[in-house]
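As provided, input29.csv (CSV, C-alpha atoms and all ligand atoms) reads as follows.
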```csv
chain,number,residue,atom,x,y,z
A,1,MET,CA,-4.5,19.6,20.7
A,2,VAL,CA,-4.7,15.9,21.6
A,3,ASN,CA,-5.4,15.2,25.2
A,4,ALA,CA,-3.8,11.8,25.9
A,5,LYS,CA,-5.3,11.8,29.4
A,6,LYS,CA,-8.8,11.9,28.0
A,7,PRO,CA,-8.6,10.5,24.5
A,8,LEU,CA,-11.3,10.7,21.9
A,9,ILE,CA,-13.4,7.5,21.4
A,10,VAL,CA,-15.2,7.0,18.2
A,11,ASP,CA,-17.6,4.3,19.4
A,12,ILE,CA,-18.4,2.0,22.3
A,13,LYS,CA,-20.1,-0.8,20.5
A,14,GLY,CA,-22.1,-3.4,22.4
A,15,ASN,CA,-23.0,-7.0,21.3
A,16,SER,CA,-20.0,-7.6,19.1
A,17,LEU,CA,-19.3,-11.2,18.1
A,18,ASP,CA,-16.2,-10.4,16.0
A,19,ASP,CA,-13.7,-9.0,18.5
A,20,GLY,CA,-12.8,-11.9,20.8
A,21,PRO,CA,-14.6,-14.6,22.7
A,22,GLY,CA,-18.3,-14.4,23.6
A,23,ILE,CA,-20.4,-11.2,23.4
A,24,ARG,CA,-18.2,-8.2,23.8
A,25,ALA,CA,-18.3,-4.4,24.1
A,26,VAL,CA,-15.7,-2.8,21.9
A,27,VAL,CA,-14.1,0.6,22.7
A,28,PHE,CA,-12.7,2.2,19.5
A,29,PHE,CA,-10.0,4.7,20.4
A,30,LYS,CA,-9.3,7.5,18.0
A,31,GLY,CA,-5.6,7.8,16.8
A,32,CYS,CA,-3.1,5.5,15.4
A,33,PRO,CA,0.7,5.7,14.8
A,34,LEU,CA,0.4,3.6,11.6
A,35,SER,CA,-1.3,4.8,8.4
A,36,CYS,CA,-2.2,1.5,6.6
A,37,VAL,CA,-3.5,2.3,3.1
A,38,TRP,CA,-6.4,-0.1,3.6
A,39,CYS,CA,-7.2,0.9,7.2
A,40,HIS,CA,-10.6,-0.6,8.1
A,41,ASN,CA,-11.4,2.1,10.7
A,42,PRO,CA,-10.3,5.3,8.9
A,43,GLU,CA,-12.3,7.4,11.3
A,44,CYS,CA,-10.0,6.1,14.0
A,45,LYS,CA,-6.7,7.2,12.3
A,46,SER,CA,-6.5,10.8,13.4
A,47,PRO,CA,-6.5,11.5,17.1
A,48,LYS,CA,-8.4,14.7,16.5
A,49,LEU,CA,-12.1,15.4,16.3
A,50,GLU,CA,-13.6,15.0,12.7
A,51,ILE,CA,-17.0,15.5,11.1
A,52,SER,CA,-18.3,12.4,9.4
A,53,PHE,CA,-20.7,12.3,6.5
A,54,ASN,CA,-22.5,9.1,5.5
A,55,LYS,CA,-24.1,9.7,2.1
A,56,ARG,CA,-26.3,6.6,2.4
A,57,GLU,CA,-28.1,8.1,5.3
A,58,CYS,CA,-28.6,11.6,3.8
A,59,VAL,CA,-32.2,12.4,2.9
A,60,GLY,CA,-31.2,15.6,1.0
A,61,CYS,CA,-33.0,18.1,3.3
A,62,LYS,CA,-30.1,20.5,3.2
A,63,THR,CA,-30.7,21.6,6.9
A,64,CYS,CA,-26.9,21.3,7.3
A,65,LYS,CA,-26.2,23.9,4.6
A,66,GLN,CA,-28.6,26.3,6.3
A,67,VAL,CA,-27.0,26.1,9.8
A,68,CYS,CA,-23.3,26.0,8.7
A,69,PRO,CA,-21.7,29.3,9.8
A,70,THR,CA,-18.7,29.1,7.5
A,71,ASP,CA,-20.3,28.0,4.2
A,72,ALA,CA,-18.3,24.8,4.4
A,73,LEU,CA,-21.3,23.1,2.8
A,74,ASP,CA,-21.8,25.9,0.3
A,75,SER,CA,-20.8,24.1,-2.8
A,76,TRP,CA,-23.4,21.5,-2.0
A,77,LEU,CA,-22.9,18.1,-3.5
A,78,TYR,CA,-23.7,14.9,-1.6
A,79,GLY,CA,-20.7,13.9,0.4
A,80,TYR,CA,-19.0,17.2,0.0
A,81,ILE,CA,-17.6,19.2,3.0
A,82,ASP,CA,-15.0,21.8,2.5
A,83,ARG,CA,-12.7,20.7,5.3
A,84,ASN,CA,-10.5,23.7,4.9
A,85,LYS,CA,-13.5,26.0,5.8
A,86,CYS,CA,-15.0,23.7,8.4
A,87,THR,CA,-14.3,24.8,12.0
A,88,LEU,CA,-15.8,21.5,13.5
A,89,CYS,CA,-18.5,23.5,15.3
A,90,MET,CA,-20.8,20.5,14.8
A,91,LYS,CA,-23.9,22.6,14.2
A,92,CYS,CA,-24.7,20.6,11.1
A,93,ALA,CA,-24.3,17.3,13.0
A,94,ASP,CA,-26.6,18.5,15.8
A,95,ALA,CA,-29.2,19.6,13.2
A,96,CYS,CA,-29.0,16.7,10.8
A,97,PRO,CA,-32.3,14.8,11.1
A,98,SER,CA,-31.1,11.5,9.7
A,99,GLY,CA,-27.7,11.1,11.4
A,100,ALA,CA,-25.9,11.3,8.1
A,101,LEU,CA,-23.6,14.0,9.6
A,102,SER,CA,-22.1,13.0,12.9
A,103,ARG,CA,-19.2,13.8,15.2
A,104,ALA,CA,-16.3,11.3,14.9
A,105,GLY,CA,-14.8,11.3,18.4
A,106,LYS,CA,-15.9,12.1,21.9
A,107,ALA,CA,-13.9,12.4,25.1
A,108,TYR,CA,-15.1,10.2,28.0
A,109,GLU,CA,-14.0,9.9,31.5
A,110,VAL,CA,-13.0,6.3,32.4
A,111,ARG,CA,-16.0,6.3,34.7
A,112,GLU,CA,-18.3,7.1,31.9
A,113,VAL,CA,-17.0,4.2,29.7
A,114,ILE,CA,-17.5,1.9,32.7
A,115,GLU,CA,-21.1,3.1,33.1
A,116,ILE,CA,-21.9,2.5,29.4
A,117,ILE,CA,-20.3,-1.0,29.5
A,118,HIS,CA,-21.9,-2.0,32.8
A,119,LYS,CA,-25.3,-2.6,31.3
A,120,ASP,CA,-23.8,-5.4,29.2
A,121,LEU,CA,-22.5,-7.4,32.2
A,122,PRO,CA,-25.3,-10.0,31.9
A,123,PHE,CA,-24.3,-10.7,28.3
A,124,PHE,CA,-20.7,-11.1,29.2
A,125,LYS,CA,-21.6,-13.6,31.9
A,126,VAL,CA,-23.8,-15.8,29.7
A,127,SER,CA,-21.4,-15.8,26.8
A,128,ASN,CA,-18.0,-15.7,28.5
A,129,GLY,CA,-17.5,-12.4,26.7
A,130,GLY,CA,-16.0,-9.1,27.9
A,131,VAL,CA,-14.5,-5.9,26.8
A,132,THR,CA,-12.1,-5.3,23.8
A,133,LEU,CA,-10.0,-2.2,23.4
A,134,SER,CA,-9.6,-1.4,19.8
A,135,GLY,CA,-9.1,1.5,17.5
A,136,GLY,CA,-7.0,3.1,16.2
A,137,GLU,CA,-4.3,2.1,18.6
A,138,PRO,CA,-5.4,1.9,22.3
A,139,THR,CA,-1.8,1.9,23.5
A,140,LEU,CA,-1.4,5.5,22.3
A,141,PHE,CA,-3.4,6.3,25.4
A,142,ILE,CA,-1.6,3.9,27.7
A,143,ASP,CA,-2.3,5.5,31.1
A,144,TYR,CA,-6.0,5.9,30.3
A,145,CYS,CA,-6.2,2.3,29.0
A,146,SER,CA,-4.3,1.0,32.0
A,147,GLU,CA,-6.9,2.6,34.4
A,148,LEU,CA,-9.8,1.5,32.3
A,149,LEU,CA,-8.5,-2.1,32.2
A,150,ARG,CA,-7.8,-2.0,35.9
A,151,GLN,CA,-11.4,-1.0,36.7
A,152,LEU,CA,-12.8,-3.6,34.3
A,153,LYS,CA,-10.8,-6.3,36.0
A,154,SER,CA,-11.9,-5.2,39.4
A,155,LEU,CA,-15.5,-5.9,38.1
A,156,GLY,CA,-14.4,-9.4,37.0
A,157,ILE,CA,-14.7,-8.5,33.3
A,158,HIS,CA,-12.6,-10.4,30.7
A,159,THR,CA,-10.4,-8.0,28.8
A,160,LEU,CA,-8.7,-8.1,25.4
A,161,ILE,CA,-6.6,-5.5,23.5
A,162,GLU,CA,-6.3,-5.3,19.7
A,163,THR,CA,-2.9,-3.7,18.9
A,164,SER,CA,-0.7,-2.9,16.0
A,165,GLY,CA,2.2,-3.7,18.2
A,166,LEU,CA,3.9,-0.2,17.9
A,167,PHE,CA,4.4,0.6,21.6
A,168,HIS,CA,7.1,0.9,24.2
A,169,TYR,CA,7.5,-2.6,25.5
A,170,GLY,CA,8.4,-1.6,29.1
A,171,HIS,CA,5.3,0.6,29.4
A,172,PHE,CA,3.1,-2.1,27.9
A,173,LEU,CA,4.4,-4.6,30.4
A,174,ASP,CA,3.9,-2.3,33.4
A,175,LEU,CA,0.6,-0.7,32.5
A,176,ILE,CA,-1.4,-3.0,30.2
A,177,TYR,CA,-0.1,-6.5,30.8
A,178,PRO,CA,-1.2,-7.0,34.4
A,179,HIS,CA,-4.9,-6.1,33.5
A,180,ILE,CA,-5.3,-8.0,30.2
A,181,ASP,CA,-6.5,-11.5,29.4
A,182,ILE,CA,-5.7,-11.8,25.7
A,183,ILE,CA,-3.7,-9.8,23.2
A,184,TYR,CA,-4.8,-9.7,19.6
A,185,TYR,CA,-1.7,-8.7,17.7
A,186,ASP,CA,-1.6,-7.5,14.0
A,187,ILE,CA,1.2,-8.8,11.8
A,188,LYS,CA,0.7,-7.2,8.4
A,189,LEU,CA,3.9,-7.3,6.4
A,190,LEU,CA,7.2,-9.0,7.2
A,191,ASN,CA,9.3,-7.2,4.6
A,192,ALA,CA,10.5,-3.9,6.3
A,193,GLU,CA,10.4,-1.8,3.1
A,194,ASP,CA,6.9,-3.0,2.3
A,195,HIS,CA,5.7,-2.3,5.8
A,196,LYS,CA,7.0,1.2,5.6
A,197,ARG,CA,5.5,1.8,2.2
A,198,TYR,CA,2.0,0.5,3.0
A,199,CYS,CA,1.7,1.1,6.8
A,200,GLY,CA,3.8,4.3,7.0
A,201,VAL,CA,6.2,3.1,9.7
A,202,PRO,CA,9.0,0.5,10.1
A,203,ASN,CA,8.1,-2.9,11.5
A,204,GLU,CA,11.2,-3.7,13.6
A,205,LEU,CA,9.7,-2.6,16.9
A,206,ILE,CA,6.4,-4.4,16.1
A,207,LEU,CA,8.1,-7.7,15.4
A,208,SER,CA,10.5,-7.4,18.4
A,209,ASN,CA,7.5,-6.6,20.7
A,210,PHE,CA,5.7,-9.6,19.3
A,211,ILE,CA,8.7,-11.9,20.0
A,212,ALA,CA,8.9,-10.5,23.5
A,213,LEU,CA,5.2,-11.1,24.3
A,214,GLN,CA,5.2,-14.5,22.8
A,215,THR,CA,8.3,-15.4,24.9
A,216,GLN,CA,6.4,-14.3,27.9
A,217,PHE,CA,3.4,-16.4,26.9
A,218,LEU,CA,5.6,-19.5,26.5
A,219,LYS,CA,6.8,-18.9,30.1
A,220,GLY,CA,3.2,-19.0,31.3
A,221,GLY,CA,2.1,-15.4,30.4
A,222,LYS,CA,-0.9,-14.0,28.5
A,223,PRO,CA,-1.9,-15.5,25.2
A,224,VAL,CA,-1.0,-13.5,22.1
A,225,LEU,CA,-3.0,-14.2,18.9
A,226,PRO,CA,-1.3,-12.9,15.7
A,227,ARG,CA,-3.9,-11.7,13.2
A,228,ILE,CA,-3.0,-11.3,9.5
A,229,PRO,CA,-5.3,-9.1,7.5
A,230,LEU,CA,-5.6,-10.2,3.9
A,231,VAL,CA,-5.3,-7.3,1.5
A,232,PRO,CA,-5.2,-8.0,-2.2
A,233,GLY,CA,-1.8,-7.4,-3.8
A,234,ILE,CA,-0.3,-6.1,-0.5
A,235,THR,CA,-0.5,-8.5,2.4
A,236,ALA,CA,-2.2,-11.4,0.5
A,237,THR,CA,0.9,-12.4,-1.5
A,238,GLU,CA,2.7,-15.7,-1.4
A,239,ASP,CA,5.9,-14.1,-0.3
A,240,ASN,CA,4.4,-12.2,2.6
A,241,LEU,CA,2.2,-15.1,3.9
A,242,ARG,CA,5.0,-17.6,3.6
A,243,SER,CA,7.4,-15.2,5.5
A,244,ILE,CA,4.9,-14.6,8.2
A,245,ALA,CA,4.2,-18.3,8.6
A,246,ASN,CA,7.9,-19.0,8.9
A,247,PHE,CA,8.3,-16.1,11.4
A,248,LEU,CA,5.5,-17.4,13.6
A,249,ARG,CA,6.7,-21.0,13.4
A,250,ALA,CA,10.1,-19.9,14.6
A,251,GLU,CA,8.4,-18.3,17.6
A,252,ARG,CA,6.5,-21.5,18.4
A,253,VAL,CA,3.1,-19.9,17.7
A,254,LYS,CA,0.2,-22.4,17.5
A,255,GLN,CA,-2.8,-20.3,16.7
A,256,VAL,CA,-3.4,-17.5,14.1
A,257,ALA,CA,-6.3,-15.6,12.7
A,258,VAL,CA,-6.2,-14.9,9.0
A,259,LEU,CA,-8.7,-12.1,8.4
A,260,PRO,CA,-10.6,-12.1,5.0
A,261,TYR,CA,-10.4,-8.9,3.1
A,262,ASN,CA,-13.3,-6.4,3.6
A,263,PRO,CA,-13.7,-3.6,1.0
A,264,LEU,CA,-16.1,-1.6,3.1
A,265,TRP,CA,-13.1,0.6,4.3
A,266,ILE,CA,-13.3,2.5,1.0
A,267,GLU,CA,-16.8,3.8,1.8
A,268,LYS,CA,-15.8,4.5,5.4
A,269,SER,CA,-12.8,6.5,4.4
A,270,GLU,CA,-15.0,8.7,2.3
A,271,THR,CA,-17.1,9.6,5.3
A,272,VAL,CA,-14.1,11.5,6.8
A,273,GLY,CA,-13.1,13.0,3.5
A,274,GLU,CA,-10.2,10.7,2.8
A,275,ARG,CA,-9.2,9.7,-0.7
A,276,ASN,CA,-6.5,7.3,-1.5
A,277,LEU,CA,-5.1,5.8,-4.6
A,278,TYR,CA,-5.6,2.2,-3.6
A,279,ALA,CA,-9.3,2.8,-3.2
A,280,THR,CA,-9.6,3.1,-7.0
A,281,LYS,CA,-8.0,-0.3,-7.7
A,282,ASP,CA,-10.5,-2.9,-9.0
A,283,GLU,CA,-9.3,-5.7,-6.7
A,284,MET,CA,-9.6,-3.4,-3.7
A,285,ARG,CA,-13.3,-2.7,-4.4
A,286,LYS,CA,-14.4,-6.3,-4.4
A,287,TRP,CA,-14.8,-8.9,-1.7
A,288,MET,CA,-12.0,-11.5,-1.9
A,289,PRO,CA,-13.3,-14.8,-3.4
A,290,THR,CA,-13.6,-17.7,-1.0
A,291,GLU,CA,-11.1,-19.7,-3.0
A,292,GLN,CA,-8.5,-17.0,-2.7
A,293,VAL,CA,-9.1,-16.7,1.1
A,294,LYS,CA,-8.6,-20.5,1.4
A,295,MET,CA,-5.4,-20.4,-0.7
A,296,CYS,CA,-4.1,-17.7,1.7
A,297,GLN,CA,-5.1,-19.7,4.7
A,298,SER,CA,-3.3,-22.7,3.3
A,299,PHE,CA,0.1,-21.1,4.2
A,300,PHE,CA,-1.0,-21.6,7.8
A,301,SER,CA,-2.2,-25.2,7.5
A,302,ASP,CA,0.0,-26.4,10.4
A,303,PHE,CA,-1.5,-23.7,12.7
A,304,GLU,CA,-4.9,-23.7,14.4
A,305,LEU,CA,-7.0,-21.1,12.6
A,306,VAL,CA,-9.0,-19.1,15.0
B,401,LIG,S1,-29.0,17.8,7.2
B,401,LIG,FE1,-28.3,15.6,7.1
B,401,LIG,S2,-29.9,14.6,5.9
B,401,LIG,FE2,-30.2,16.8,5.6
B,401,LIG,S3,-29.0,17.2,3.7
B,401,LIG,FE3,-27.6,17.6,5.5
B,401,LIG,S4,-26.5,15.6,5.7
B,401,LIG,FE4,-28.3,15.2,4.5
B,402,LIG,S1,-19.1,21.3,11.5
B,402,LIG,FE1,-19.8,23.4,11.5
B,402,LIG,S2,-18.4,24.4,10.1
B,402,LIG,FE2,-18.1,22.2,9.7
B,402,LIG,S3,-19.6,21.8,8.1
B,402,LIG,FE3,-20.7,21.4,10.0
B,402,LIG,S4,-21.7,23.3,10.5
B,402,LIG,FE4,-20.2,23.8,8.9
```

Starting from the file, give its structure as structure tokens.
Amino acid sequence: MVNAKKPLIVDIKGNSLDDGPGIRAVVFFKGCPLSCVWCHNPECKSPKLEISFNKRECVGCKTCKQVCPTDALDSWLYGYIDRNKCTLCMKCADACPSGALSRAGKAYEVREVIEIIHKDLPFFKVSNGGVTLSGGEPTLFIDYCSELLRQLKSLGIHTLIETSGLFHYGHFLDLIYPHIDIIYYDIKLLNAEDHKRYCGVPNELILSNFIALQTQFLKGGKPVLPRIPLVPGITATEDNLRSIANFLRAERVKQVAVLPYNPLWIEKSETVGERNLYATKDEMRKWMPTEQVKMCQSFFSDFELV
């Protein structure tokens, strides 16, 4: 059962330079209403507790196999957990000496998150950094995030939310907007059918929420930065990039972030036992050549690239 009042958090990562201005602490919420086939944080897709196995960190001691009460590790093979047998007791994660097995997801009180983040305050101050809510999709836990953001703002901390845009606009405006400094907003696919096919949900609400937030911004509201992830053969196509650029131009957007493709999601998805067809495609397994990234960015040559 998912507790929306006290959601699971996969990580509270300090010293990030990739998730907004300055040095930031990033809170990764567990759970997302989308299911993008290339999800870069696959351990954040399900809102439920999972066991994660990182084969690179395994030293082969087989302690996990000895402590498992359900023989979920019985057919031992590196990277193999029988997730039908696993009861998520976490005995293996507690016993694993290398950290190869770990719990993906832990519930925190808002107060506990603030305590963890508080030690980074000096770094925020010297770098004009702050806290980023990411995931997963933070707005799935909108009341919790609202309270967390409210407390962060009361400490004078800069706040940013990374969102897929699939939320109830009125709730976002009431509960998140007053406590946020910047919104990073993913725009993945403009074609409705493609969006449903590759992200699992329609994009109408995502686009209409973007238009509403951008309209607010133009009236003096909070900045919204559209972010376009480049995924070979899916989002990084001429048709899609041209359509997104036209859409953003029509909304008088001036800045965009075009995010180069990162194939590390494939290994990460294996840690939580996920297999997907796209992971086997050659172009998905490689970093995108710089020339191709530049070609994709050229569709946004009249925007400021952030
Ligand atoms: S206990 Fe950890 S390090 Fe040892 S075999 Fe199991 S996963 Fe690998
Ligand atoms: S979480 Fe518990 S049941 Fe699952 S593999 Fe580890 S020890 Fe076995």

Rounded to one decimal, what separation in Å do you get between atom CA of A:Asp194 and atom CA of A:Ala236?
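Computed distance, atom CA of A:Asp194 to atom CA of A:Ala236, equals 12.5 Å.
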
As a ChimeraX atom specification, please: every protein or nucleic acid residue near ligand LIG 401 (chain B) (cut-off 12 Å, counting all atoms listed in the file).
/A:51-68,72-74,76-81,90-102,271

Nearest to ligand LIG 402 (chain B) among A:Asp82, A:Asp186, A:Asp19, A:Asp11, with distances taken over all atoms listed in the file: which residue is it?
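The shortest atom-to-atom distance to ligand LIG 402 (chain B) comes from A:Asp82.
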
Go ahead and compute the interatomic distance for atom CA of A:Ser46 and atom CA of A:Gly136, in Å to one decimal.
8.2 Å

If I take atom S1 of ligand LIG 402 (chain B) and atom CA of A:Thr139, how far is one from the other in Å, to one decimal?
28.6 Å

Can I get the residues of stretch 92-158 of chain A within 8 Å of stretch 31-35 of chain A, each with the closest pair of atoms and their distance in Å to one decimal, using only C-alpha atoms, sorted chain first then ascending number, as a Markdown table?
```
| residue | atom | partner | partner_atom | distance |
| --- | --- | --- | --- | --- |
| A:Gly135 | CA | A:Gly31 | CA | 7.2 |
| A:Gly136 | CA | A:Cys32 | CA | 4.6 |
| A:Glu137 | CA | A:Cys32 | CA | 4.8 |
| A:Leu140 | CA | A:Cys32 | CA | 7.1 |
```

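With only C-alpha atoms and all ligand atoms as the basis for measurement, A:Pro69 is the residue among A:Pro69, A:Gly130, A:Gly22, A:Gly273 that approaches ligand LIG 402 (chain B) most closely.
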
Nearest to A:Ser164: which of A:Ile12, A:Leu225, A:Met284, A:Ala104 is it, counting all atoms listed in the file?
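Closest candidate: A:Leu225.
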
Using all atoms listed in the file, which of A:Asn128, A:Gln255, A:Thr87, A:Thr290 sits nearest ligand LIG 402 (chain B)?
A:Thr87

Got a sec: who's within 9 Å of A:Tyr185, counting all atoms listed in the file, leaving out chain neighbours fewer than 4 positions off, as a PyMOL selection string?
chain A and resi 161-165+210+224-228

Closest of A:Ser298, A:Phe217, A:Ser146, A:Pro202 to A:Glu238 - atom-to-atom distances counting all atoms listed in the file:
A:Ser298

Give the answer as one residue: which of A:Ala107, A:Leu213, A:Val272, A:Ile206 has the shortest atom-to-atom distance to ligand LIG 402 (chain B), using all atoms listed in the file?
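Residue with the minimum atom-to-atom distance to ligand LIG 402 (chain B): A:Val272.
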
Name all residues at most 10 Å from A:Glu251 (count all atoms listed in the file; drop same-chain ones fewer than 6 positions away) and give them as JSON, numbers by chain.
{"A": [210, 211, 212, 214, 215, 218, 245]}

Grab the residues selected above and save them as a CSV table (one decimal), in the frame of the given file with C-alpha atoms.
```
chain,number,residue,atom,x,y,z
A,210,PHE,CA,5.7,-9.6,19.3
A,211,ILE,CA,8.7,-11.9,20.0
A,212,ALA,CA,8.9,-10.5,23.5
A,214,GLN,CA,5.2,-14.5,22.8
A,215,THR,CA,8.3,-15.4,24.9
A,218,LEU,CA,5.6,-19.5,26.5
A,245,ALA,CA,4.2,-18.3,8.6
```

At a cut-off of 10 Å, using only C-alpha atoms, what residues contact A:Lys153? Leave out same-chain residues fewer than 6 positions from it and give the result as a compact mmCIF listing (two decimals) with C-alpha atoms, in the frame of the given file.
```txt
# COMPACT_ATOMS: atom_id res chain seq x y z
CA VAL A 131 -14.50 -5.90 26.80
CA GLU A 147 -6.90 2.60 34.40
CA THR A 159 -10.40 -8.00 28.80
CA PRO A 178 -1.20 -7.00 34.40
CA HIS A 179 -4.90 -6.10 33.50
CA ILE A 180 -5.30 -8.00 30.20
CA ASP A 181 -6.50 -11.50 29.40
```

Exercise on stretch 37-49 of chain A, axis-aligned box with 3 Å per side, report centre and edge lengths in Å to one decimal, as AutoDock Vina command-line options:
```
--center_x -7.9 --center_y 7.4 --center_z 10.1 --size_x 14.8 --size_y 22.0 --size_z 20.0
```

Would you list the contacts of A:Ala279 as number ranges by chain, taking every protein, DNA or RNA residue within 12 Å and counting all atoms listed in the file, but skipping same-chain residues closer than 5 positions in sequence?
A: 37-40, 231-232, 263-270, 274, 284-286
